[in-house]
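Source file structure37.txt; content: compact mmCIF, C-alpha atoms and all ligand atoms.
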```
# COMPACT_ATOMS: atom_id res chain seq x y z
CA MET A 3 -31.75 61.97 98.57
CA ILE A 4 -30.55 65.47 97.75
CA PRO A 5 -33.03 66.77 95.14
CA HIS A 6 -30.71 69.15 93.29
CA ILE A 7 -28.07 66.43 92.83
CA LEU A 8 -30.66 63.93 91.60
CA ALA A 9 -31.87 66.48 89.08
CA THR A 10 -28.39 66.88 87.63
CA ILE A 11 -27.88 63.15 87.09
CA ALA A 12 -31.41 62.14 86.09
CA GLY A 13 -30.98 60.04 82.96
CA ALA A 14 -33.15 60.18 79.85
CA TRP A 15 -34.59 57.12 78.14
CA SER A 16 -37.26 56.41 75.55
CA LEU A 17 -39.46 53.44 74.78
CA ILE A 18 -38.68 51.66 71.51
CA GLY A 19 -40.72 48.47 71.65
CA ILE A 20 -42.65 45.94 73.73
CA ILE A 21 -42.49 42.13 73.76
CA GLY A 22 -44.10 39.51 75.95
CA HIS A 23 -42.73 38.15 79.23
CA ASP A 24 -43.87 35.09 81.17
CA PRO A 25 -45.80 36.53 84.15
CA GLY A 26 -44.76 33.40 86.06
CA ALA A 27 -41.09 34.36 85.71
CA TYR A 28 -39.70 35.78 88.95
CA THR A 29 -36.88 37.44 87.02
CA GLN A 30 -33.42 37.40 88.59
CA GLY A 31 -30.98 37.34 85.66
CA PHE A 32 -31.43 38.73 82.16
CA GLU A 33 -28.79 38.72 79.43
CA LEU A 34 -28.69 38.57 75.62
CA HIS A 35 -26.15 36.35 73.96
CA ASP A 36 -25.83 35.46 70.28
CA GLY A 37 -29.42 36.35 69.45
CA VAL A 38 -30.97 34.55 72.45
CA LEU A 39 -32.37 36.22 75.55
CA TYR A 40 -31.38 34.19 78.63
CA GLU A 41 -33.32 34.52 81.86
CA SER A 42 -33.02 33.03 85.32
CA THR A 43 -35.91 32.97 87.76
CA GLY A 44 -35.86 32.61 91.53
CA ILE A 45 -37.89 31.22 94.45
CA TYR A 46 -37.11 27.87 96.13
CA GLY A 47 -38.88 25.07 94.27
CA ARG A 48 -39.54 27.28 91.24
CA SER A 49 -36.11 28.45 90.10
CA SER A 50 -35.38 28.00 86.39
CA LEU A 51 -33.12 28.88 83.49
CA ARG A 52 -34.69 29.89 80.21
CA ARG A 53 -33.75 30.59 76.63
CA THR A 54 -36.24 33.03 75.13
CA ASP A 55 -36.83 34.71 71.78
CA PRO A 56 -35.82 38.39 72.13
CA SER A 57 -38.22 39.46 69.38
CA THR A 58 -41.32 37.99 71.06
CA GLY A 59 -40.41 36.99 74.61
CA GLU A 60 -41.52 33.41 73.89
CA VAL A 61 -39.83 30.78 76.08
CA LEU A 62 -37.89 28.45 73.76
CA GLN A 63 -36.35 26.19 76.41
CA LEU A 64 -36.68 25.93 80.18
CA ARG A 65 -34.73 23.95 82.74
CA ARG A 66 -35.92 23.65 86.30
CA LEU A 67 -33.23 23.90 88.95
CA PRO A 68 -33.16 21.77 92.13
CA ASP A 69 -35.70 22.82 94.78
CA SER A 70 -32.81 23.61 97.16
CA LEU A 71 -31.54 26.41 94.90
CA PHE A 72 -32.85 29.98 94.66
CA ALA A 73 -31.45 31.21 91.34
CA GLU A 74 -30.21 34.77 91.09
CA GLY A 75 -28.20 36.61 88.42
CA ILE A 76 -26.65 35.16 85.27
CA THR A 77 -23.83 36.22 82.97
CA PHE A 78 -21.82 34.84 80.06
CA VAL A 79 -18.06 34.56 80.57
CA SER A 80 -17.43 32.86 77.21
CA PRO A 81 -19.63 31.76 74.28
CA ASP A 82 -20.13 28.30 75.80
CA ARG A 83 -20.25 29.17 79.49
CA MET A 84 -22.93 30.98 81.45
CA LEU A 85 -22.60 31.51 85.20
CA VAL A 86 -25.68 31.28 87.43
CA LEU A 87 -25.64 32.80 90.88
CA THR A 88 -27.64 31.46 93.83
CA TRP A 89 -29.03 33.57 96.65
CA ARG A 90 -27.91 32.07 99.97
CA GLU A 91 -26.52 28.73 98.85
CA GLY A 92 -22.95 29.96 98.29
CA LEU A 93 -22.97 28.26 94.90
CA VAL A 94 -22.25 29.51 91.41
CA LEU A 95 -23.22 27.14 88.59
CA ALA A 96 -21.37 27.09 85.28
CA VAL A 97 -23.95 26.18 82.66
CA ASP A 98 -23.72 25.11 79.02
CA PRO A 99 -26.03 27.64 77.32
CA ALA A 100 -26.93 25.18 74.56
CA THR A 101 -28.44 22.67 76.98
CA LEU A 102 -28.85 24.77 80.15
CA GLU A 103 -27.21 21.84 81.97
CA THR A 104 -24.75 22.47 84.81
CA VAL A 105 -21.18 21.56 83.87
CA ASP A 106 -19.30 22.90 86.89
CA THR A 107 -19.90 24.52 90.28
CA PHE A 108 -17.98 27.04 92.39
CA THR A 109 -18.43 28.23 95.94
CA ILE A 110 -18.53 31.83 97.14
CA ARG A 111 -19.10 33.57 100.44
CA GLY A 112 -21.97 35.92 101.03
CA GLU A 113 -25.26 36.37 99.26
CA GLY A 114 -25.74 36.38 95.52
CA TRP A 115 -28.05 38.92 93.88
CA GLY A 116 -26.81 40.08 90.44
CA LEU A 117 -24.05 39.16 87.99
CA CYS A 118 -22.37 40.72 84.96
CA PHE A 119 -19.04 40.35 83.14
CA ASP A 120 -16.80 43.17 81.91
CA GLY A 121 -14.70 40.94 79.65
CA GLU A 122 -12.17 40.19 82.39
CA ARG A 123 -13.95 40.15 85.72
CA VAL A 124 -17.24 38.76 86.95
CA ILE A 125 -19.05 41.45 88.93
CA ARG A 126 -21.48 40.42 91.68
CA SER A 127 -23.97 42.35 93.76
CA ASP A 128 -25.07 40.98 97.13
CA GLY A 129 -27.82 43.36 98.21
CA THR A 130 -25.42 45.76 99.90
CA GLU A 131 -23.74 48.87 98.50
CA MET A 132 -20.68 46.77 97.57
CA LEU A 133 -19.87 45.14 94.25
CA ARG A 134 -17.47 42.17 94.32
CA PHE A 135 -15.13 41.33 91.47
CA HIS A 136 -14.35 37.67 90.78
CA ASP A 137 -11.90 35.75 88.63
CA PRO A 138 -14.17 34.03 86.05
CA ARG A 139 -12.01 30.89 86.09
CA ASN A 140 -12.58 30.04 89.76
CA MET A 141 -14.88 32.76 91.21
CA ARG A 142 -12.21 33.88 93.68
CA VAL A 143 -12.81 37.45 94.86
CA THR A 144 -10.18 39.81 93.43
CA ASP A 145 -11.53 43.23 94.39
CA SER A 146 -14.55 45.14 95.66
CA LEU A 147 -16.10 48.54 95.06
CA MET A 148 -18.52 50.72 97.02
CA VAL A 149 -21.27 52.31 94.95
CA THR A 150 -22.11 55.87 95.95
CA LEU A 151 -24.41 58.62 94.75
CA ALA A 152 -23.10 62.06 95.68
CA GLY A 153 -21.08 60.30 98.36
CA VAL A 154 -24.04 58.36 99.76
CA PRO A 155 -23.69 54.53 99.62
CA GLN A 156 -26.36 52.89 97.46
CA ARG A 157 -27.66 49.70 99.02
CA ASN A 158 -29.86 46.97 97.50
CA LEU A 159 -27.93 46.66 94.24
CA ASN A 160 -29.62 43.85 92.35
CA GLU A 161 -29.63 42.66 88.71
CA LEU A 162 -26.60 43.88 86.76
CA GLU A 163 -25.46 44.46 83.20
CA PHE A 164 -22.14 45.58 81.76
CA ALA A 165 -22.46 47.73 78.62
CA ARG A 166 -20.85 50.81 77.11
CA GLY A 167 -18.04 50.55 79.65
CA VAL A 168 -20.47 51.08 82.53
CA ILE A 169 -22.14 48.86 85.15
CA TRP A 170 -25.93 49.09 85.04
CA ALA A 171 -27.81 48.05 88.18
CA ASN A 172 -31.38 47.62 89.30
CA GLN A 173 -31.88 48.87 92.84
CA TRP A 174 -34.21 46.60 94.79
CA GLN A 175 -37.47 48.15 96.01
CA SER A 176 -37.12 51.06 93.63
CA ASN A 177 -37.96 51.72 90.01
CA ARG A 178 -34.44 52.95 89.41
CA ILE A 179 -31.63 51.80 87.16
CA LEU A 180 -28.23 53.17 88.13
CA ALA A 181 -25.34 53.68 85.71
CA ILE A 182 -22.16 53.12 87.73
CA ASP A 183 -18.56 54.08 86.93
CA PRO A 184 -16.68 50.75 87.30
CA ALA A 185 -13.48 52.54 88.37
CA SER A 186 -14.81 54.82 91.12
CA GLY A 187 -18.19 53.30 92.03
CA ALA A 188 -19.80 56.71 91.47
CA VAL A 189 -23.36 56.68 90.15
CA LEU A 190 -23.21 58.60 86.88
CA ARG A 191 -26.91 58.57 86.04
CA VAL A 192 -30.18 57.53 87.69
CA TYR A 193 -33.00 56.36 85.41
CA ASP A 194 -36.54 56.39 86.73
CA MET A 195 -38.49 53.47 85.20
CA SER A 196 -41.70 54.05 87.20
CA ALA A 197 -43.67 54.51 83.98
CA LEU A 198 -43.01 50.88 83.00
CA ASN A 199 -43.99 49.29 86.31
CA PRO A 200 -47.39 47.55 86.08
CA GLY A 201 -47.98 48.18 89.81
CA ARG A 202 -49.38 45.91 92.55
CA GLY A 203 -46.00 45.64 94.24
CA SER A 204 -44.27 44.63 91.04
CA GLU A 205 -40.50 44.75 91.20
CA LEU A 206 -38.37 46.17 88.39
CA ASN A 207 -35.54 43.66 87.83
CA GLY A 208 -33.75 42.61 84.66
CA ILE A 209 -31.48 44.53 82.29
CA ALA A 210 -30.15 42.97 79.10
CA TYR A 211 -28.06 44.94 76.60
CA ASP A 212 -28.69 44.41 72.88
CA SER A 213 -25.33 45.33 71.35
CA ASP A 214 -26.60 44.96 67.77
CA ARG A 215 -29.21 47.67 68.26
CA ASP A 216 -27.49 49.53 71.13
CA LEU A 217 -30.71 49.16 73.14
CA PHE A 218 -31.62 47.68 76.51
CA LEU A 219 -34.32 45.14 77.31
CA VAL A 220 -35.81 45.68 80.76
CA THR A 221 -38.46 43.80 82.70
CA GLY A 222 -39.46 42.92 86.24
CA LYS A 223 -40.41 40.04 88.52
CA ASN A 224 -43.62 38.50 87.18
CA TRP A 225 -44.13 41.36 84.75
CA PRO A 226 -46.25 40.44 81.69
CA LEU A 227 -44.10 42.53 79.37
CA THR A 228 -40.48 43.30 78.52
CA TYR A 229 -39.58 46.70 77.13
CA SER A 230 -36.83 47.67 74.72
CA ILE A 231 -35.57 51.12 75.55
CA ASP A 232 -33.02 53.58 74.29
CA ILE A 233 -30.95 55.00 77.13
CA LYS A 234 -28.92 58.20 76.95
CA LEU A 235 -25.83 57.99 79.13
CA CA A 301 -28.30 41.50 83.11
```

Taking this structure as input, can you express it in the form of structure tokens?
Amino acid sequence: MIPHILATIAGAWSLIGIIGHDPGAYTQGFELHDGVLYESTGIYGRSSLRRTDPSTGEVLQLRRLPDSLFAEGITFVSPDRMLVLTWREGLVLAVDPATLETVDTFTIRGEGWGLCFDGERVIRSDGTEMLRFHDPRNMRVTDSLMVTLAGVPQRNLNELEFARGVIWANQWQSNRILAIDPASGAVLRVYDMSALNPGRGSELNGIAYDSDRDLFLVTGKNWPLTYSIDIKL
């Protein structure tokens, strides 16, 4: 990476609070909705959907998914419908958030990594530098966007969040969160979250926006803690 460009777009953030996080949760999706923090966890045979308390991190409800599914990102497309991505299964589950039961399924092509919703379009990452836009009614692909930093494509885009008119993305195998312009794909800011990483190969993954407090909850795969942070765009 070009150091002088990184310096100009390095984003500032500050720690506001700390809550618990199930260290057995291999976090793949993380989203707040109506006062509940929803989480999906991956790994074949261990994938799950959870409702958790955003003030403590306590797991309130957990549903195991079939052993054949490796759960990935989640996002709400309406108050009573949460979409759950799978990694290589080509399936997207529509889930009732009240019960965490699957009410519908869609098929997609390619891998599933992260999901978010901008109010009109479902946005999916697949581990490449491309973001795919889907119609939330049927998951048909409507558009795609290459994510670049100073013109350099940014691969390994992972968990996503849509907030403040911007796409926020974890970047796999880094401690970075990228703020991405949804129109151009340009990375507007890079946030270094190394200070939060507990180490031992732990992977930063999971961004959930708290619109009431204008804060973000961030965690990682099997991290024991979740952090609420204030991010300057
Ligand atoms: Ca998210």

TODO: State, in Å with one decimal place, the distance from CA of Ala171 in chain A to CA of Cys118 in chain A.
DONE: 9.7 Å

Write as a compact mmCIF listing (two decimals) with C-alpha atoms, in the coordinates of the input the residues around ligand CA 301 (chain A), taking 7 Å as the cut-off and counting all atoms listed in the file.
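Contents of result.txt, as written:
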```txt
# COMPACT_ATOMS: atom_id res chain seq x y z
CA GLY A 31 -30.98 37.34 85.66
CA PHE A 32 -31.43 38.73 82.16
CA GLU A 33 -28.79 38.72 79.43
CA ILE A 76 -26.65 35.16 85.27
CA THR A 77 -23.83 36.22 82.97
CA LEU A 117 -24.05 39.16 87.99
CA CYS A 118 -22.37 40.72 84.96
CA GLU A 161 -29.63 42.66 88.71
CA LEU A 162 -26.60 43.88 86.76
CA GLU A 163 -25.46 44.46 83.20
CA GLY A 208 -33.75 42.61 84.66
CA ILE A 209 -31.48 44.53 82.29
CA ALA A 210 -30.15 42.97 79.10
```

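The spacing separating CA of Gly121 in chain A from CA of Thr150 in chain A amounts to 23.3 Å.
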
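The residue set within 6 Å of range 193-199 of chain A, counting only C-alpha atoms and dropping same-chain residues fewer than 4 places from it, reads Gly13, Asn177, Arg178 and Ile179 of chain A.
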
Open item on the list: Set the distance at 8 Å and use all atoms listed in the file: which residues neighbour Thr88 in chain A once local chain neighbours fewer than 5 positions away are removed? I'd like the list as a list of chain:residue names.
Closed with: A:Leu71, A:Phe72, A:Ala73, A:Glu74, A:Gly75, A:Leu93, A:Val94, A:Glu113, A:Gly114, A:Trp115

- [ ] Just the residues within 7 Å of Gly47 in chain A, please, counting only C-alpha atoms, with nothing from its chain fewer than 4 positions along; format it as a VMD selection string.
- [x] chain A and resid 68 to 70

Task: Residues within 12 Å of Arg139 in chain A, all atoms listed in the file, excluding chain neighbours under 6 positions, as a PyMOL selection string - done: chain A and resi 79-80+83-85+94+96+106-108+122-124

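Closest approach to Leu206 in chain A among A:Pro138, A:Pro226, A:Pro56, A:Gly167: A:Pro226, based on only C-alpha atoms.
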
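Near Ser146 in chain A, within a cut-off of 6 Å and counting all atoms listed in the file, sit the residues Leu133, Arg134 and Phe135 of chain A, with same-chain residues fewer than 3 positions away left out.
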